[in-house]
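Structure file input_28.pdb (PDB, C-alpha atoms, pLDDT in the B column) is printed below.
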ATOM      1  CA  MET A   1      91.669   5.432  72.459  1.00 75.00           C
ATOM      2  CA  ALA A   2      89.853   5.814  75.759  1.00 87.00           C
ATOM      3  CA  GLN A   3      88.359   9.209  76.511  1.00 94.00           C
ATOM      4  CA  TYR A   4      88.107  10.891  79.890  1.00 94.00           C
ATOM      5  CA  PRO A   5      86.504  14.085  81.173  1.00 95.00           C
ATOM      6  CA  PHE A   6      88.993  16.966  81.194  1.00 93.00           C
ATOM      7  CA  LEU A   7      90.813  17.167  84.554  1.00 92.00           C
ATOM      8  CA  SER A   8      89.282  13.968  85.918  1.00 93.00           C
ATOM      9  CA  ASP A   9      91.739  11.763  87.809  1.00 92.00           C
ATOM     10  CA  GLU A  10      91.922   9.444  84.788  1.00 95.00           C
ATOM     11  CA  TRP A  11      92.558  12.352  82.405  1.00 94.00           C
ATOM     12  CA  VAL A  12      95.343  13.702  84.622  1.00 92.00           C
ATOM     13  CA  ASP A  13      96.970  10.232  84.844  1.00 93.00           C
ATOM     14  CA  GLU A  14      96.889   9.808  81.051  1.00 93.00           C
ATOM     15  CA  ALA A  15      98.168  13.355  80.499  1.00 91.00           C
ATOM     16  CA  ARG A  16     101.151  12.592  82.765  1.00 91.00           C
ATOM     17  CA  LYS A  17     101.927   9.453  80.732  1.00 92.00           C
ATOM     18  CA  ILE A  18     101.804  11.388  77.470  1.00 89.00           C
ATOM     19  CA  ARG A  19     104.021  14.136  78.894  1.00 85.00           C
ATOM     20  CA  GLN A  20     106.539  11.509  80.083  1.00 87.00           C
ATOM     21  CA  GLU A  21     106.699  10.006  76.574  1.00 88.00           C
ATOM     22  CA  TYR A  22     107.823  13.380  75.225  1.00 80.00           C
ATOM     23  CA  ASP A  23     110.072  14.289  78.156  1.00 78.00           C
ATOM     24  CA  GLY A  24     113.258  15.869  76.871  1.00 72.00           C
ATOM     25  CA  THR A  25     112.163  16.019  73.225  1.00 69.00           C
ATOM     26  CA  ALA A  26     110.159  19.245  73.160  1.00 61.00           C
ATOM     27  CA  GLY A  27     111.663  22.682  72.714  1.00 60.00           C
ATOM     28  CA  THR A  28     112.345  24.858  75.713  1.00 65.00           C
ATOM     29  CA  MET A  29     109.864  27.538  76.732  1.00 70.00           C
ATOM     30  CA  THR A  30     111.624  30.850  77.263  1.00 72.00           C
ATOM     31  CA  HIS A  31     108.972  32.419  79.503  1.00 81.00           C
ATOM     32  CA  GLU A  32     108.839  31.210  83.083  1.00 88.00           C
ATOM     33  CA  MET A  33     105.426  31.277  84.667  1.00 91.00           C
ATOM     34  CA  ARG A  34     103.780  29.655  87.671  1.00 95.00           C
ATOM     35  CA  MET A  35     100.022  30.071  87.473  1.00 96.00           C
ATOM     36  CA  ASN A  36      97.405  28.706  89.851  1.00 98.00           C
ATOM     37  CA  LEU A  37      94.007  27.914  88.362  1.00 97.00           C
ATOM     38  CA  VAL A  38      90.633  27.691  90.032  1.00 98.00           C
ATOM     39  CA  ILE A  39      88.311  25.929  87.619  1.00 97.00           C
ATOM     40  CA  THR A  40      84.643  26.289  88.494  1.00 97.00           C
ATOM     41  CA  GLU A  41      81.470  24.590  87.244  1.00 96.00           C
ATOM     42  CA  VAL A  42      83.250  21.239  86.937  1.00 96.00           C
ATOM     43  CA  PRO A  43      80.675  18.598  85.911  1.00 95.00           C
ATOM     44  CA  PHE A  44      82.033  16.028  88.386  1.00 93.00           C
ATOM     45  CA  GLY A  45      83.355  15.980  91.954  1.00 89.00           C
ATOM     46  CA  ASP A  46      82.607  18.922  94.236  1.00 90.00           C
ATOM     47  CA  GLY A  47      82.192  21.450  91.422  1.00 92.00           C
ATOM     48  CA  SER A  48      85.639  23.057  91.337  1.00 96.00           C
ATOM     49  CA  ILE A  49      89.240  21.996  90.830  1.00 97.00           C
ATOM     50  CA  ASP A  50      92.465  23.660  91.894  1.00 97.00           C
ATOM     51  CA  ALA A  51      95.194  23.186  89.301  1.00 96.00           C
ATOM     52  CA  HIS A  52      98.342  24.914  88.107  1.00 95.00           C
ATOM     53  CA  LEU A  53     100.435  25.579  85.019  1.00 92.00           C
ATOM     54  CA  ASP A  54     104.190  25.706  85.415  1.00 92.00           C
ATOM     55  CA  THR A  55     106.773  26.447  82.707  1.00 87.00           C
ATOM     56  CA  THR A  56     109.823  26.825  84.973  1.00 89.00           C
ATOM     57  CA  GLU A  57     111.270  23.476  83.855  1.00 85.00           C
ATOM     58  CA  GLY A  58     111.257  24.617  80.218  1.00 80.00           C
ATOM     59  CA  HIS A  59     107.962  23.027  79.150  1.00 78.00           C
ATOM     60  CA  LEU A  60     104.305  23.519  79.933  1.00 79.00           C
ATOM     61  CA  LYS A  61     103.168  21.347  82.802  1.00 85.00           C
ATOM     62  CA  LEU A  62      99.512  21.171  83.872  1.00 88.00           C
ATOM     63  CA  GLU A  63      98.887  19.498  87.222  1.00 92.00           C
ATOM     64  CA  THR A  64      96.251  19.447  89.920  1.00 94.00           C
ATOM     65  CA  GLY A  65      96.692  21.403  93.141  1.00 96.00           C
ATOM     66  CA  HIS A  66      98.127  24.860  93.669  1.00 98.00           C
ATOM     67  CA  ILE A  67     101.806  25.826  93.813  1.00 97.00           C
ATOM     68  CA  ASP A  68     103.537  28.397  95.961  1.00 96.00           C
ATOM     69  CA  PRO A  69     104.850  30.835  95.039  1.00 96.00           C
ATOM     70  CA  ALA A  70     102.778  31.597  91.943  1.00 97.00           C
ATOM     71  CA  HIS A  71     103.017  34.593  89.622  1.00 96.00           C
ATOM     72  CA  LEU A  72      99.260  34.746  89.183  1.00 96.00           C
ATOM     73  CA  LYS A  73      95.956  33.058  89.833  1.00 97.00           C
ATOM     74  CA  VAL A  74      93.248  32.664  87.211  1.00 96.00           C
ATOM     75  CA  THR A  75      89.678  31.692  88.022  1.00 97.00           C
ATOM     76  CA  LEU A  76      87.561  30.463  85.117  1.00 96.00           C
ATOM     77  CA  ASP A  77      84.769  28.045  84.347  1.00 96.00           C
ATOM     78  CA  TYR A  78      85.304  24.469  83.158  1.00 96.00           C
ATOM     79  CA  ALA A  79      84.096  25.004  79.570  1.00 94.00           C
ATOM     80  CA  THR A  80      86.421  27.984  79.090  1.00 94.00           C
ATOM     81  CA  ALA A  81      89.397  26.145  80.619  1.00 94.00           C
ATOM     82  CA  LYS A  82      88.770  23.148  78.349  1.00 93.00           C
ATOM     83  CA  ALA A  83      88.487  25.373  75.262  1.00 91.00           C
ATOM     84  CA  ILE A  84      91.772  27.117  76.041  1.00 88.00           C
ATOM     85  CA  LEU A  85      93.880  24.277  77.466  1.00 87.00           C
ATOM     86  CA  VAL A  86      92.660  21.298  75.428  1.00 89.00           C
ATOM     87  CA  GLU A  87      91.123  22.702  72.273  1.00 88.00           C
ATOM     88  CA  GLY A  88      93.772  25.427  71.948  1.00 83.00           C
ATOM     89  CA  ASN A  89      91.200  28.171  71.389  1.00 85.00           C
ATOM     90  CA  PRO A  90      92.514  31.401  72.950  1.00 80.00           C
ATOM     91  CA  GLN A  91      89.615  33.378  71.394  1.00 86.00           C
ATOM     92  CA  VAL A  92      87.227  31.736  73.861  1.00 90.00           C
ATOM     93  CA  GLY A  93      89.480  32.889  76.682  1.00 84.00           C
ATOM     94  CA  MET A  94      89.575  36.474  75.423  1.00 86.00           C
ATOM     95  CA  GLN A  95      85.801  36.553  75.002  1.00 92.00           C
ATOM     96  CA  ALA A  96      85.291  35.133  78.502  1.00 91.00           C
ATOM     97  CA  PHE A  97      87.792  37.634  79.935  1.00 89.00           C
ATOM     98  CA  MET A  98      86.033  40.562  78.245  1.00 92.00           C
ATOM     99  CA  ALA A  99      82.688  39.273  79.573  1.00 94.00           C
ATOM    100  CA  GLY A 100      84.075  39.163  83.123  1.00 92.00           C
ATOM    101  CA  LYS A 101      83.970  35.348  83.300  1.00 91.00           C
ATOM    102  CA  VAL A 102      87.743  35.082  83.854  1.00 93.00           C
ATOM    103  CA  LYS A 103      89.295  36.608  86.965  1.00 94.00           C
ATOM    104  CA  VAL A 104      93.060  37.253  86.995  1.00 94.00           C
ATOM    105  CA  GLU A 105      94.998  38.096  90.152  1.00 96.00           C
ATOM    106  CA  GLY A 106      98.711  38.841  89.979  1.00 95.00           C
ATOM    107  CA  ASP A 107     101.180  39.404  87.136  1.00 91.00           C
ATOM    108  CA  MET A 108      99.023  39.723  84.017  1.00 89.00           C
ATOM    109  CA  ALA A 109     102.159  40.299  81.895  1.00 88.00           C
ATOM    110  CA  LYS A 110     103.225  36.681  82.562  1.00 85.00           C
ATOM    111  CA  LEU A 111      99.932  35.456  81.140  1.00 81.00           C
ATOM    112  CA  MET A 112     100.270  37.666  78.064  1.00 80.00           C
ATOM    113  CA  MET A 113     103.809  36.380  77.380  1.00 77.00           C
ATOM    114  CA  LEU A 114     102.558  32.796  77.405  1.00 71.00           C
ATOM    115  CA  GLN A 115      99.962  33.613  74.744  1.00 68.00           C
ATOM    116  CA  GLY A 116     102.642  34.777  72.318  1.00 58.00           C
ATOM    117  CA  ALA A 117     104.815  31.660  72.627  1.00 59.00           C
ATOM    118  CA  PRO A 118     104.397  29.439  69.525  1.00 59.00           C
ATOM    119  CA  PRO A 119     104.312  25.703  70.338  1.00 61.00           C
ATOM    120  CA  ASP A 120     106.959  23.451  68.788  1.00 64.00           C
ATOM    121  CA  GLU A 121     106.032  20.291  66.864  1.00 73.00           C
ATOM    122  CA  HIS A 122     106.346  18.051  69.946  1.00 72.00           C
ATOM    123  CA  ALA A 123     104.105  20.351  71.991  1.00 73.00           C
ATOM    124  CA  GLN A 124     101.599  20.272  69.124  1.00 78.00           C
ATOM    125  CA  GLU A 125     101.651  16.467  69.125  1.00 83.00           C
ATOM    126  CA  VAL A 126     101.096  16.356  72.900  1.00 82.00           C
ATOM    127  CA  ALA A 127      98.195  18.798  72.511  1.00 82.00           C
ATOM    128  CA  LYS A 128      96.688  16.650  69.736  1.00 88.00           C
ATOM    129  CA  ARG A 129      96.858  13.539  71.901  1.00 90.00           C
ATOM    130  CA  LEU A 130      95.303  15.374  74.845  1.00 89.00           C
ATOM    131  CA  ARG A 131      92.429  16.496  72.599  1.00 91.00           C
ATOM    132  CA  GLU A 132      91.900  12.928  71.386  1.00 93.00           C
ATOM    133  CA  MET A 133      91.616  11.522  74.913  1.00 91.00           C
ATOM    134  CA  THR A 134      89.303  14.262  76.203  1.00 92.00           C
ATOM    135  CA  ALA A 135      85.603  13.461  76.375  1.00 85.00           C
TER     136      ALA A 135
END

As structure tokens, please, write out the structure in this file.
Amino acid sequence: MAQYPFLSDEWVDEARKIRQEYDGTAGTMTHEMRMNLVITEVPFGDGSIDAHLDTTEGHLKLETGHIDPAHLKVTLDYATAKAILVEGNPQVGMQAFMAGKVKVEGDMAKLMMLQGAPPDEHAQEVAKRLREMTA
């Protein structure tokens, strides 16, 4: 399987294809959240990427660009974003937050609700495939 840097154009294209394969098969997320992300220290491009997470369609969708309206905005560095979003390591996120490396603006309760939502087996398979294709 080809590997791509997290959030590169190629990674985003492949992530969309994987998500489309599982469209309609994953369980429904009960918490609605629209979160803009500013990812800094990106090792390619101009050094930062605007992205967003959206669960309003019943599943977690990660895309580039910001959405409006959003419940919150999170600014974090590339390594932390990759650890949380690809490697599924929320401990890294908590440590970075406590160290002041993660900035949250907006409805923090929405972010906390997302942390408590257990992924279903299809979401786990998507996450596994995303990890496998990430350089």

What's the separation between CA of Asp13 (chain A) and CA of Leu72 (chain A), in Å to one decimal place? 25.0 Å

How far is it from CA of Leu62 (chain A) to CA of Ala99 (chain A), in Å with one decimal?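 So the two atoms, CA of Leu62 (chain A) and CA of Ala99 (chain A), lie 25.1 Å apart.
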
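Proximity ranking of A:Met1, A:Ala135, A:Met94, A:Ile18 relative to His122 (chain A) places A:Ile18 first, based on only C-alpha atoms.
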
Taking 2 positions as the minimum chain separation for residues in the same chain, which residues sit within 6 Å of Asn36 (chain A) when counting all atoms listed in the file? Answer as a ChimeraX atom specification. /A:51-52,66,73

Between CA of Met33 (chain A) and CA of Leu53 (chain A), distance in Å (one decimal): 7.6 Å

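Comparing A:Val42, A:Leu130, A:Leu76, A:Leu114 by their smallest distance to Val102 (chain A), the closest is A:Leu76 (using only C-alpha atoms).
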
Within 12 Å of (103.6, 26.0, 96.7), all atoms listed in the file: residues as a PyMOL selection string? chain A and resi 34-36+51-52+54+64-71

Neighbouring residues of region 3-11 of chain A were defined as those with any atom within 10 Å, considering only C-alpha atoms; residues of the same chain fewer than 3 positions away were excluded. Please report them as a list in words.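 The residues that qualify are Glu14, Ala15, Arg16, Lys17, Ile39, Val42, Pro43, Phe44, Gly45, Ile49, Asp50, Ala51, Leu62, Glu63, Thr64, Tyr78, Ala79, Ala81, Lys82, Leu85, Val86, Leu130, Arg131, Glu132, Met133, Thr134 and Ala135 of chain A.
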
Okay, now the selection with C-alpha atoms, as a CSV table (one decimal), in the coordinates of the input?
chain,number,residue,atom,x,y,z
A,14,GLU,CA,96.9,9.8,81.1
A,15,ALA,CA,98.2,13.4,80.5
A,16,ARG,CA,101.2,12.6,82.8
A,17,LYS,CA,101.9,9.5,80.7
A,39,ILE,CA,88.3,25.9,87.6
A,42,VAL,CA,83.2,21.2,86.9
A,43,PRO,CA,80.7,18.6,85.9
A,44,PHE,CA,82.0,16.0,88.4
A,45,GLY,CA,83.4,16.0,92.0
A,49,ILE,CA,89.2,22.0,90.8
A,50,ASP,CA,92.5,23.7,91.9
A,51,ALA,CA,95.2,23.2,89.3
A,62,LEU,CA,99.5,21.2,83.9
A,63,GLU,CA,98.9,19.5,87.2
A,64,THR,CA,96.3,19.4,89.9
A,78,TYR,CA,85.3,24.5,83.2
A,79,ALA,CA,84.1,25.0,79.6
A,81,ALA,CA,89.4,26.1,80.6
A,82,LYS,CA,88.8,23.1,78.3
A,85,LEU,CA,93.9,24.3,77.5
A,86,VAL,CA,92.7,21.3,75.4
A,130,LEU,CA,95.3,15.4,74.8
A,131,ARG,CA,92.4,16.5,72.6
A,132,GLU,CA,91.9,12.9,71.4
A,133,MET,CA,91.6,11.5,74.9
A,134,THR,CA,89.3,14.3,76.2
A,135,ALA,CA,85.6,13.5,76.4

The PyMOL selection byres ((chain A and resi 93) around 8) on the file shown: which residues, as a PyMOL selection string? chain A and resi 80-81+83-84+89-92+94-97+102

Export of prior selection with C-alpha atoms as an mmCIF file, in the coordinates of the input:
data_model
loop_
_atom_site.group_PDB
_atom_site.id
_atom_site.type_symbol
_atom_site.label_atom_id
_atom_site.label_comp_id
_atom_site.auth_asym_id
_atom_site.auth_seq_id
_atom_site.Cartn_x
_atom_site.Cartn_y
_atom_site.Cartn_z
ATOM 1 C CA THR A 80 86.421 27.984 79.090
ATOM 2 C CA ALA A 81 89.397 26.145 80.619
ATOM 3 C CA ALA A 83 88.487 25.373 75.262
ATOM 4 C CA ILE A 84 91.772 27.117 76.041
ATOM 5 C CA ASN A 89 91.200 28.171 71.389
ATOM 6 C CA PRO A 90 92.514 31.401 72.950
ATOM 7 C CA GLN A 91 89.615 33.378 71.394
ATOM 8 C CA VAL A 92 87.227 31.736 73.861
ATOM 9 C CA MET A 94 89.575 36.474 75.423
ATOM 10 C CA GLN A 95 85.801 36.553 75.002
ATOM 11 C CA ALA A 96 85.291 35.133 78.502
ATOM 12 C CA PHE A 97 87.792 37.634 79.935
ATOM 13 C CA VAL A 102 87.743 35.082 83.854
#

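Proximity to Glu105 (chain A) was assessed for A:Ala127, A:Gly47, A:Val38, A:Thr30 counting only C-alpha atoms; the smallest distance is recorded for A:Val38.
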
Residue with the minimum atom-to-atom distance to His59 (chain A), picked from A:Ala123, A:Glu21, A:Ala109, A:Arg129 with all atoms listed in the file counted, is A:Ala123

Let me make sure I understand: among A:Glu57, A:Asp107, A:Glu87, A:Asp46, which one has the smallest atom-to-atom distance to Val74 (chain A) if we use all atoms listed in the file?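 Once distances to Val74 (chain A) are computed over all atoms listed in the file, the minimum belongs to A:Asp107.
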
Where's the centre, and what are the edge lengths in Å to one decimal, of a box along x, y and z enclosing all listed atoms of region 4-8 of chain A padded 8 Å per side, as AutoDock Vina command-line options?
--center_x 88.7 --center_y 14.0 --center_z 82.9 --size_x 20.3 --size_y 22.3 --size_z 22.0

Could you check the closest approach to Leu60 (chain A) for each of A:Thr75, A:Gln124, A:Ser48, A:Thr40 and tell me which residue wins, using only C-alpha atoms?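 Nearest to Leu60 (chain A): A:Gln124.
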